[in-house]
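For reference, entry-v4.cif is printed below; it contains mmCIF, C-alpha atoms.
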data_my_file
#
loop_
_atom_site.group_PDB
_atom_site.id
_atom_site.type_symbol
_atom_site.label_atom_id
_atom_site.label_comp_id
_atom_site.auth_asym_id
_atom_site.auth_seq_id
_atom_site.Cartn_x
_atom_site.Cartn_y
_atom_site.Cartn_z
ATOM 1 C CA MET A 1 87.003 97.392 118.154
ATOM 2 C CA GLY A 2 89.205 100.300 119.267
ATOM 3 C CA THR A 3 88.938 104.013 118.688
ATOM 4 C CA LEU A 4 88.786 105.708 115.318
ATOM 5 C CA ALA A 5 92.468 106.583 115.708
ATOM 6 C CA ASP A 6 93.272 102.851 115.920
ATOM 7 C CA HIS A 7 91.822 102.426 112.401
ATOM 8 C CA ARG A 8 93.258 105.551 110.772
ATOM 9 C CA ASN A 9 96.170 105.557 108.296
ATOM 10 C CA VAL A 10 97.160 109.017 107.016
ATOM 11 C CA MET A 11 99.680 109.349 104.176
ATOM 12 C CA THR A 12 101.237 112.392 102.519
ATOM 13 C CA PHE A 13 103.542 112.964 99.569
ATOM 14 C CA ASP A 14 106.577 113.700 101.742
ATOM 15 C CA ARG A 15 109.427 111.397 100.688
ATOM 16 C CA THR A 16 109.291 109.349 103.916
ATOM 17 C CA GLY A 17 108.179 105.798 103.161
ATOM 18 C CA PHE A 18 108.406 105.984 99.357
ATOM 19 C CA VAL A 19 110.277 103.112 97.702
ATOM 20 C CA LYS A 20 111.273 102.536 94.089
ATOM 21 C CA MET A 21 108.431 100.879 92.195
ATOM 22 C CA PRO A 22 109.505 97.563 90.647
ATOM 23 C CA MET A 23 108.681 97.591 86.941
ATOM 24 C CA PRO A 24 109.661 94.582 84.827
ATOM 25 C CA GLY A 25 111.717 95.653 81.839
ATOM 26 C CA LEU A 26 112.189 99.206 83.143
ATOM 27 C CA PRO A 27 114.425 98.886 86.217
ATOM 28 C CA ASP A 28 115.984 102.348 85.849
ATOM 29 C CA GLU A 29 112.797 104.413 85.695
ATOM 30 C CA ASP A 30 112.510 107.053 88.423
ATOM 31 C CA VAL A 31 109.072 105.973 89.717
ATOM 32 C CA TRP A 32 108.301 105.730 93.437
ATOM 33 C CA TRP A 33 105.347 104.486 95.478
ATOM 34 C CA LYS A 34 104.083 104.547 99.047
ATOM 35 C CA ASN A 35 101.667 101.796 100.044
ATOM 36 C CA VAL A 36 98.501 103.013 101.748
ATOM 37 C CA SER A 37 96.367 99.847 101.650
ATOM 38 C CA TYR A 38 97.452 97.912 98.542
ATOM 39 C CA ASP A 39 97.547 94.096 98.806
ATOM 40 C CA GLU A 40 99.579 92.835 95.830
ATOM 41 C CA THR A 41 98.267 89.259 96.067
ATOM 42 C CA ALA A 42 94.632 90.347 95.909
ATOM 43 C CA GLY A 43 95.343 93.330 93.642
ATOM 44 C CA GLN A 44 93.198 95.489 95.904
ATOM 45 C CA GLY A 45 93.878 98.818 97.542
ATOM 46 C CA SER A 46 95.504 102.192 97.116
ATOM 47 C CA TYR A 47 98.934 103.802 96.998
ATOM 48 C CA LEU A 48 100.609 107.133 96.313
ATOM 49 C CA MET A 49 102.863 107.324 93.260
ATOM 50 C CA ILE A 50 105.508 109.826 92.143
ATOM 51 C CA MET A 51 106.907 109.804 88.608
ATOM 52 C CA ALA A 52 109.929 111.994 87.827
ATOM 53 C CA PRO A 53 109.927 114.073 84.607
ATOM 54 C CA GLY A 54 110.405 111.917 81.504
ATOM 55 C CA THR A 55 109.644 108.589 83.193
ATOM 56 C CA ARG A 56 107.204 105.902 82.139
ATOM 57 C CA CYS A 57 105.562 102.854 83.606
ATOM 58 C CA ASN A 58 105.775 99.414 82.049
ATOM 59 C CA PRO A 59 103.001 98.042 79.790
ATOM 60 C CA HIS A 60 100.371 96.183 81.830
ATOM 61 C CA ARG A 61 96.804 94.869 81.760
ATOM 62 C CA HIS A 62 94.269 95.428 84.521
ATOM 63 C CA ASN A 63 92.212 92.413 85.567
ATOM 64 C CA GLY A 64 89.897 94.728 87.479
ATOM 65 C CA PRO A 65 89.241 98.468 87.511
ATOM 66 C CA GLU A 66 92.010 100.980 88.128
ATOM 67 C CA GLU A 67 91.281 104.515 89.221
ATOM 68 C CA PHE A 68 93.730 107.331 89.740
ATOM 69 C CA TYR A 69 93.683 111.009 90.580
ATOM 70 C CA VAL A 70 96.356 113.309 89.156
ATOM 71 C CA VAL A 71 97.328 115.511 92.092
ATOM 72 C CA GLU A 72 100.100 117.340 90.270
ATOM 73 C CA GLY A 73 101.772 117.286 86.839
ATOM 74 C CA ASP A 74 100.813 115.422 83.686
ATOM 75 C CA LEU A 75 100.473 111.856 82.488
ATOM 76 C CA GLU A 76 100.114 110.753 78.860
ATOM 77 C CA ASP A 77 98.668 107.346 78.054
ATOM 78 C CA CYS A 78 100.065 105.237 75.195
ATOM 79 C CA ASP A 79 97.138 106.266 72.958
ATOM 80 C CA GLY A 80 98.112 109.940 73.323
ATOM 81 C CA HIS A 81 95.394 110.889 75.822
ATOM 82 C CA MET A 82 96.749 113.500 78.246
ATOM 83 C CA TYR A 83 95.710 113.690 81.899
ATOM 84 C CA ARG A 84 96.521 116.835 83.880
ATOM 85 C CA ALA A 85 96.301 117.862 87.539
ATOM 86 C CA GLY A 86 92.743 117.549 88.782
ATOM 87 C CA ALA A 87 91.784 114.657 86.485
ATOM 88 C CA PHE A 88 90.126 111.619 88.061
ATOM 89 C CA VAL A 89 90.486 108.622 85.731
ATOM 90 C CA SER A 90 88.666 105.280 85.809
ATOM 91 C CA LEU A 91 89.910 102.443 83.590
ATOM 92 C CA SER A 92 87.779 99.309 83.424
ATOM 93 C CA GLY A 93 89.055 95.788 83.922
ATOM 94 C CA GLY A 94 90.651 94.412 80.757
ATOM 95 C CA SER A 95 92.280 97.737 79.835
ATOM 96 C CA ALA A 96 95.947 97.593 78.851
ATOM 97 C CA HIS A 97 98.349 100.537 78.624
ATOM 98 C CA PHE A 98 101.545 102.251 79.671
ATOM 99 C CA SER A 99 101.926 105.913 80.559
ATOM 100 C CA VAL A 100 104.628 108.596 80.362
ATOM 101 C CA SER A 101 104.958 111.706 82.519
ATOM 102 C CA HIS A 102 106.696 114.512 80.637
ATOM 103 C CA SER A 103 106.840 117.022 83.511
ATOM 104 C CA GLY A 104 106.589 114.511 86.363
ATOM 105 C CA CYS A 105 103.466 113.796 88.391
ATOM 106 C CA ARG A 106 101.958 112.740 91.696
ATOM 107 C CA LEU A 107 99.080 110.270 91.615
ATOM 108 C CA VAL A 108 96.697 108.603 94.041
ATOM 109 C CA VAL A 109 96.058 105.116 92.591
ATOM 110 C CA THR A 110 93.441 102.477 93.502
ATOM 111 C CA HIS A 111 93.211 98.947 92.072
ATOM 112 C CA ARG A 112 90.371 96.463 92.351
ATOM 113 C CA GLY A 113 92.036 93.524 90.614
ATOM 114 C CA THR A 114 95.459 92.132 89.832
ATOM 115 C CA ILE A 115 97.779 93.404 87.100
ATOM 116 C CA ASP A 116 99.539 91.415 84.379
ATOM 117 C CA ASP A 117 102.854 92.865 83.183
ATOM 118 C CA LEU A 118 103.129 92.871 79.376
ATOM 119 C CA ASP A 119 105.887 93.409 76.862
ATOM 120 C CA GLN A 120 105.366 95.901 74.027
ATOM 121 C CA ASP A 121 104.311 93.182 71.539
ATOM 122 C CA GLU A 122 101.617 91.882 73.906
ATOM 123 C CA LEU A 123 100.313 95.417 74.437
ATOM 124 C CA GLU A 124 99.999 96.012 70.684
ATOM 125 C CA GLU A 125 97.946 92.802 70.347
ATOM 126 C CA THR A 126 95.290 94.082 72.779
#
How would this structure read if it were set down as structure tokens?
Amino acid sequence: MGTLADHRNVMTFDRTGFVKMPMPGLPDEDVWWKNVSYDETAGQGSYLMIMAPGTRCNPHRHNGPEEFYVVEGDLEDCDGHMYRAGAFVSLSGGSAHFSVSHSGCRLVVTHRGTIDDLDQDELEET
């Protein structure tokens, strides 16, 4: 069973532990992530994400809900909706999108389902 400290995992936005986020089709984007509890196989868990100014994430579809909190900066979804610091966003399973950060941003992201990477044509069909 152990003590509470044995079960605690505390993460911050300091650069220690951040790695470049792999994004099919966008290998040069300046997007970084730090895994908190995310299991890629199950598509479950949370991570911290940093996007540099002018970067974007690749088009993708969520097979379960995605939620994220904008800690700092801005994030614009492909439909033009703008999220700013303090926004908590919940996207339902089946949603498909890509996002751009004009000024850069820091996000706390949680997934409850796997993600399918899409190309631009597949995104426009959804």
(message) Taking all atoms listed in the file into account, name the residue in A:Asn35, A:Ser101, A:Ser90, A:Thr41 that is nearest to Asp116 in chain A.
(response)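 So, comparing all the options, the nearest one is A:Thr41.
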(request) Could you tell me which residues the PyMOL selection byres ((chain A and resi 80) around 12) returns for this structure, as a PyMOL selection string? (result) chain A and resi 75-79+81-83+97-101
Would you save the residues of that selection, restricted to C-alpha atoms, as a short mmCIF file (atom, residue, chain, number, x, y, z; two decimals), in the frame of the given file?
data_model
loop_
_atom_site.label_atom_id
_atom_site.label_comp_id
_atom_site.auth_asym_id
_atom_site.auth_seq_id
_atom_site.Cartn_x
_atom_site.Cartn_y
_atom_site.Cartn_z
CA LEU A 75 100.47 111.86 82.49
CA GLU A 76 100.11 110.75 78.86
CA ASP A 77 98.67 107.35 78.05
CA CYS A 78 100.06 105.24 75.19
CA ASP A 79 97.14 106.27 72.96
CA HIS A 81 95.39 110.89 75.82
CA MET A 82 96.75 113.50 78.25
CA TYR A 83 95.71 113.69 81.90
CA HIS A 97 98.35 100.54 78.62
CA PHE A 98 101.54 102.25 79.67
CA SER A 99 101.93 105.91 80.56
CA VAL A 100 104.63 108.60 80.36
CA SER A 101 104.96 111.71 82.52
#
(message) Please enumerate the residues selected by the PyMOL selection byres ((chain A and resi 52) around 7) when evaluated against the supplied file, formatted as a list in words.
(response)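 So the PyMOL selection byres ((chain A and resi 52) around 7), applied here, picks out Asp30, Val31, Ile50, Met51, Pro53, Gly54, Thr55, Gly104 and Cys105 of chain A.
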(message) Counting only C-alpha atoms, which residue out of A:Ala42, A:Val36, A:Val109, A:Ala87 sits closest to Glu66 in chain A?
(response)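 Smallest distance to Glu66 in chain A is found for A:Val109.
Here CA of Tyr69 in chain A and CA of Asp117 in chain A stand 21.6 Å from one another.
Shell of Pro24 in chain A at 10 Å, with all atoms listed in the file counted and residues fewer than 6 places along the chain excluded, is Cys57, Asn58, Pro59, His60, Asp117, Leu118 and Asp119 of chain A.
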(message) Please expand the PyMOL selection byres ((chain A and resi 111) around 9) into the concrete residues it hits in this file, giving the result as an MDAnalysis selection string.
(response) chainID A and resid 38 43:47 62 64:68 109:110 112:115
(message) What's the separation between CA of Arg8 in chain A and CA of Arg106 in chain A, in Å to one decimal place?
(response)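 Calculated distance between CA of Arg8 in chain A and CA of Arg106 in chain A is 22.2 Å.
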(message) Let me make sure I understand: among A:Ser37, A:Pro27, A:Asp74, A:Phe88, which one has the smallest atom-to-atom distance to His7 in chain A if we use all atoms listed in the file?
(response)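 Selected residue with least distance to His7 in chain A: A:Ser37.
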(request) Select, from A:Ala96, A:Leu26, A:Val71, A:Leu91, the residue with the minimum atom-to-atom distance to Thr12 in chain A, counting all atoms listed in the file. (result)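 Looking at the shortest contact to Thr12 in chain A, the residue is A:Val71.
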(request) Kindly extract all protein, DNA and RNA residues lying within 6 Å of the coordinates (109.6, 102.5, 89.4) given in the file, considering all atoms listed in the file, and supply them as a PyMOL selection string. (result) chain A and resi 20-23+29-32
Box along x, y and z, 6 Å on every side, all listed atoms of range 97-113 of chain A inside: centre and edge lengths in Å to one decimal, as AutoDock Vina command-line options.
--center_x 98.6 --center_y 105.3 --center_z 86.3 --size_x 28.5 --size_y 35.5 --size_z 27.4
(message) Report, in Å with one decimal, the straight-line distance from CA of Val108 in chain A to CA of Leu48 in chain A.
(response)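 Taking CA of Val108 in chain A as the start and CA of Leu48 in chain A as the end point, the length is 4.8 Å.
Residue nearest Arg15 in chain A within the list A:Lys34, A:Met1, A:Leu107, A:Asn63: A:Lys34 [criterion: smallest interatomic distance, only C-alpha atoms].
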Please complete range 84-95 of chain A so it has all heavy atoms, and hand it over as a PDB file, in the coordinates of the input.
ATOM      1  N   ARG A  84      95.842 115.749  83.180  1.00  0.00           N
ATOM      2  CA  ARG A  84      96.521 116.835  83.880  1.00  0.00           C
ATOM      3  C   ARG A  84      96.012 116.916  85.320  1.00  0.00           C
ATOM      4  O   ARG A  84      95.018 116.278  85.665  1.00  0.00           O
ATOM      5  CB  ARG A  84      96.278 118.148  83.163  1.00  0.00           C
ATOM      6  CG  ARG A  84      96.792 118.111  81.725  1.00  0.00           C
ATOM      7  CD  ARG A  84      96.996 119.489  81.142  1.00  0.00           C
ATOM      8  NE  ARG A  84      97.349 119.434  79.737  1.00  0.00           N
ATOM      9  CZ  ARG A  84      98.551 119.136  79.266  1.00  0.00           C
ATOM     10  NH1 ARG A  84      99.522 118.858  80.089  1.00  0.00           N
ATOM     11  NH2 ARG A  84      98.779 119.113  77.963  1.00  0.00           N
ATOM     12  N   ALA A  85      96.685 117.709  86.133  1.00  0.00           N
ATOM     13  CA  ALA A  85      96.301 117.862  87.539  1.00  0.00           C
ATOM     14  C   ALA A  85      94.806 118.125  87.653  1.00  0.00           C
ATOM     15  O   ALA A  85      94.243 118.927  86.904  1.00  0.00           O
ATOM     16  CB  ALA A  85      97.093 118.991  88.176  1.00  0.00           C
ATOM     17  N   GLY A  86      94.176 117.424  88.564  1.00  0.00           N
ATOM     18  CA  GLY A  86      92.743 117.549  88.782  1.00  0.00           C
ATOM     19  C   GLY A  86      91.920 116.485  88.093  1.00  0.00           C
ATOM     20  O   GLY A  86      90.730 116.345  88.376  1.00  0.00           O
ATOM     21  N   ALA A  87      92.522 115.707  87.200  1.00  0.00           N
ATOM     22  CA  ALA A  87      91.784 114.657  86.485  1.00  0.00           C
ATOM     23  C   ALA A  87      91.622 113.428  87.369  1.00  0.00           C
ATOM     24  O   ALA A  87      92.576 112.974  88.009  1.00  0.00           O
ATOM     25  CB  ALA A  87      92.510 114.269  85.206  1.00  0.00           C
ATOM     26  N   PHE A  88      90.405 112.897  87.418  1.00  0.00           N
ATOM     27  CA  PHE A  88      90.126 111.619  88.061  1.00  0.00           C
ATOM     28  C   PHE A  88      89.801 110.637  86.945  1.00  0.00           C
ATOM     29  O   PHE A  88      88.894 110.871  86.157  1.00  0.00           O
ATOM     30  CB  PHE A  88      88.950 111.717  89.038  1.00  0.00           C
ATOM     31  CG  PHE A  88      88.701 110.438  89.769  1.00  0.00           C
ATOM     32  CD1 PHE A  88      89.424 110.123  90.907  1.00  0.00           C
ATOM     33  CD2 PHE A  88      87.760 109.528  89.314  1.00  0.00           C
ATOM     34  CE1 PHE A  88      89.213 108.932  91.590  1.00  0.00           C
ATOM     35  CE2 PHE A  88      87.538 108.332  89.979  1.00  0.00           C
ATOM     36  CZ  PHE A  88      88.259 108.035  91.125  1.00  0.00           C
ATOM     37  N   VAL A  89      90.560 109.546  86.863  1.00  0.00           N
ATOM     38  CA  VAL A  89      90.486 108.622  85.731  1.00  0.00           C
ATOM     39  C   VAL A  89      90.039 107.251  86.228  1.00  0.00           C
ATOM     40  O   VAL A  89      90.534 106.756  87.237  1.00  0.00           O
ATOM     41  CB  VAL A  89      91.866 108.502  85.050  1.00  0.00           C
ATOM     42  CG1 VAL A  89      91.810 107.556  83.870  1.00  0.00           C
ATOM     43  CG2 VAL A  89      92.368 109.877  84.633  1.00  0.00           C
ATOM     44  N   SER A  90      89.114 106.637  85.508  1.00  0.00           N
ATOM     45  CA  SER A  90      88.666 105.280  85.809  1.00  0.00           C
ATOM     46  C   SER A  90      88.858 104.424  84.558  1.00  0.00           C
ATOM     47  O   SER A  90      88.304 104.731  83.504  1.00  0.00           O
ATOM     48  CB  SER A  90      87.194 105.290  86.222  1.00  0.00           C
ATOM     49  OG  SER A  90      86.771 103.991  86.558  1.00  0.00           O
ATOM     50  N   LEU A  91      89.686 103.394  84.677  1.00  0.00           N
ATOM     51  CA  LEU A  91      89.910 102.443  83.590  1.00  0.00           C
ATOM     52  C   LEU A  91      89.272 101.116  83.977  1.00  0.00           C
ATOM     53  O   LEU A  91      89.525 100.610  85.073  1.00  0.00           O
ATOM     54  CB  LEU A  91      91.411 102.252  83.340  1.00  0.00           C
ATOM     55  CG  LEU A  91      92.191 103.491  82.933  1.00  0.00           C
ATOM     56  CD1 LEU A  91      93.686 103.198  82.917  1.00  0.00           C
ATOM     57  CD2 LEU A  91      91.731 103.992  81.576  1.00  0.00           C
ATOM     58  N   SER A  92      88.480 100.549  83.097  1.00  0.00           N
ATOM     59  CA  SER A  92      87.779  99.309  83.424  1.00  0.00           C
ATOM     60  C   SER A  92      88.718  98.110  83.350  1.00  0.00           C
ATOM     61  O   SER A  92      89.772  98.159  82.709  1.00  0.00           O
ATOM     62  CB  SER A  92      86.590  99.106  82.482  1.00  0.00           C
ATOM     63  OG  SER A  92      87.034  98.990  81.152  1.00  0.00           O
ATOM     64  N   GLY A  93      88.319  97.037  83.996  1.00  0.00           N
ATOM     65  CA  GLY A  93      89.055  95.788  83.922  1.00  0.00           C
ATOM     66  C   GLY A  93      89.206  95.361  82.473  1.00  0.00           C
ATOM     67  O   GLY A  93      88.303  95.564  81.662  1.00  0.00           O
ATOM     68  N   GLY A  94      90.362  94.814  82.124  1.00  0.00           N
ATOM     69  CA  GLY A  94      90.651  94.412  80.757  1.00  0.00           C
ATOM     70  C   GLY A  94      91.431  95.462  79.988  1.00  0.00           C
ATOM     71  O   GLY A  94      91.955  95.180  78.910  1.00  0.00           O
ATOM     72  N   SER A  95      91.514  96.688  80.522  1.00  0.00           N
ATOM     73  CA  SER A  95      92.280  97.737  79.835  1.00  0.00           C
ATOM     74  C   SER A  95      93.768  97.438  79.937  1.00  0.00           C
ATOM     75  O   SER A  95      94.237  96.865  80.912  1.00  0.00           O
ATOM     76  CB  SER A  95      91.964  99.113  80.429  1.00  0.00           C
ATOM     77  OG  SER A  95      92.309  99.171  81.800  1.00  0.00           O
TER      78      SER A  95
END
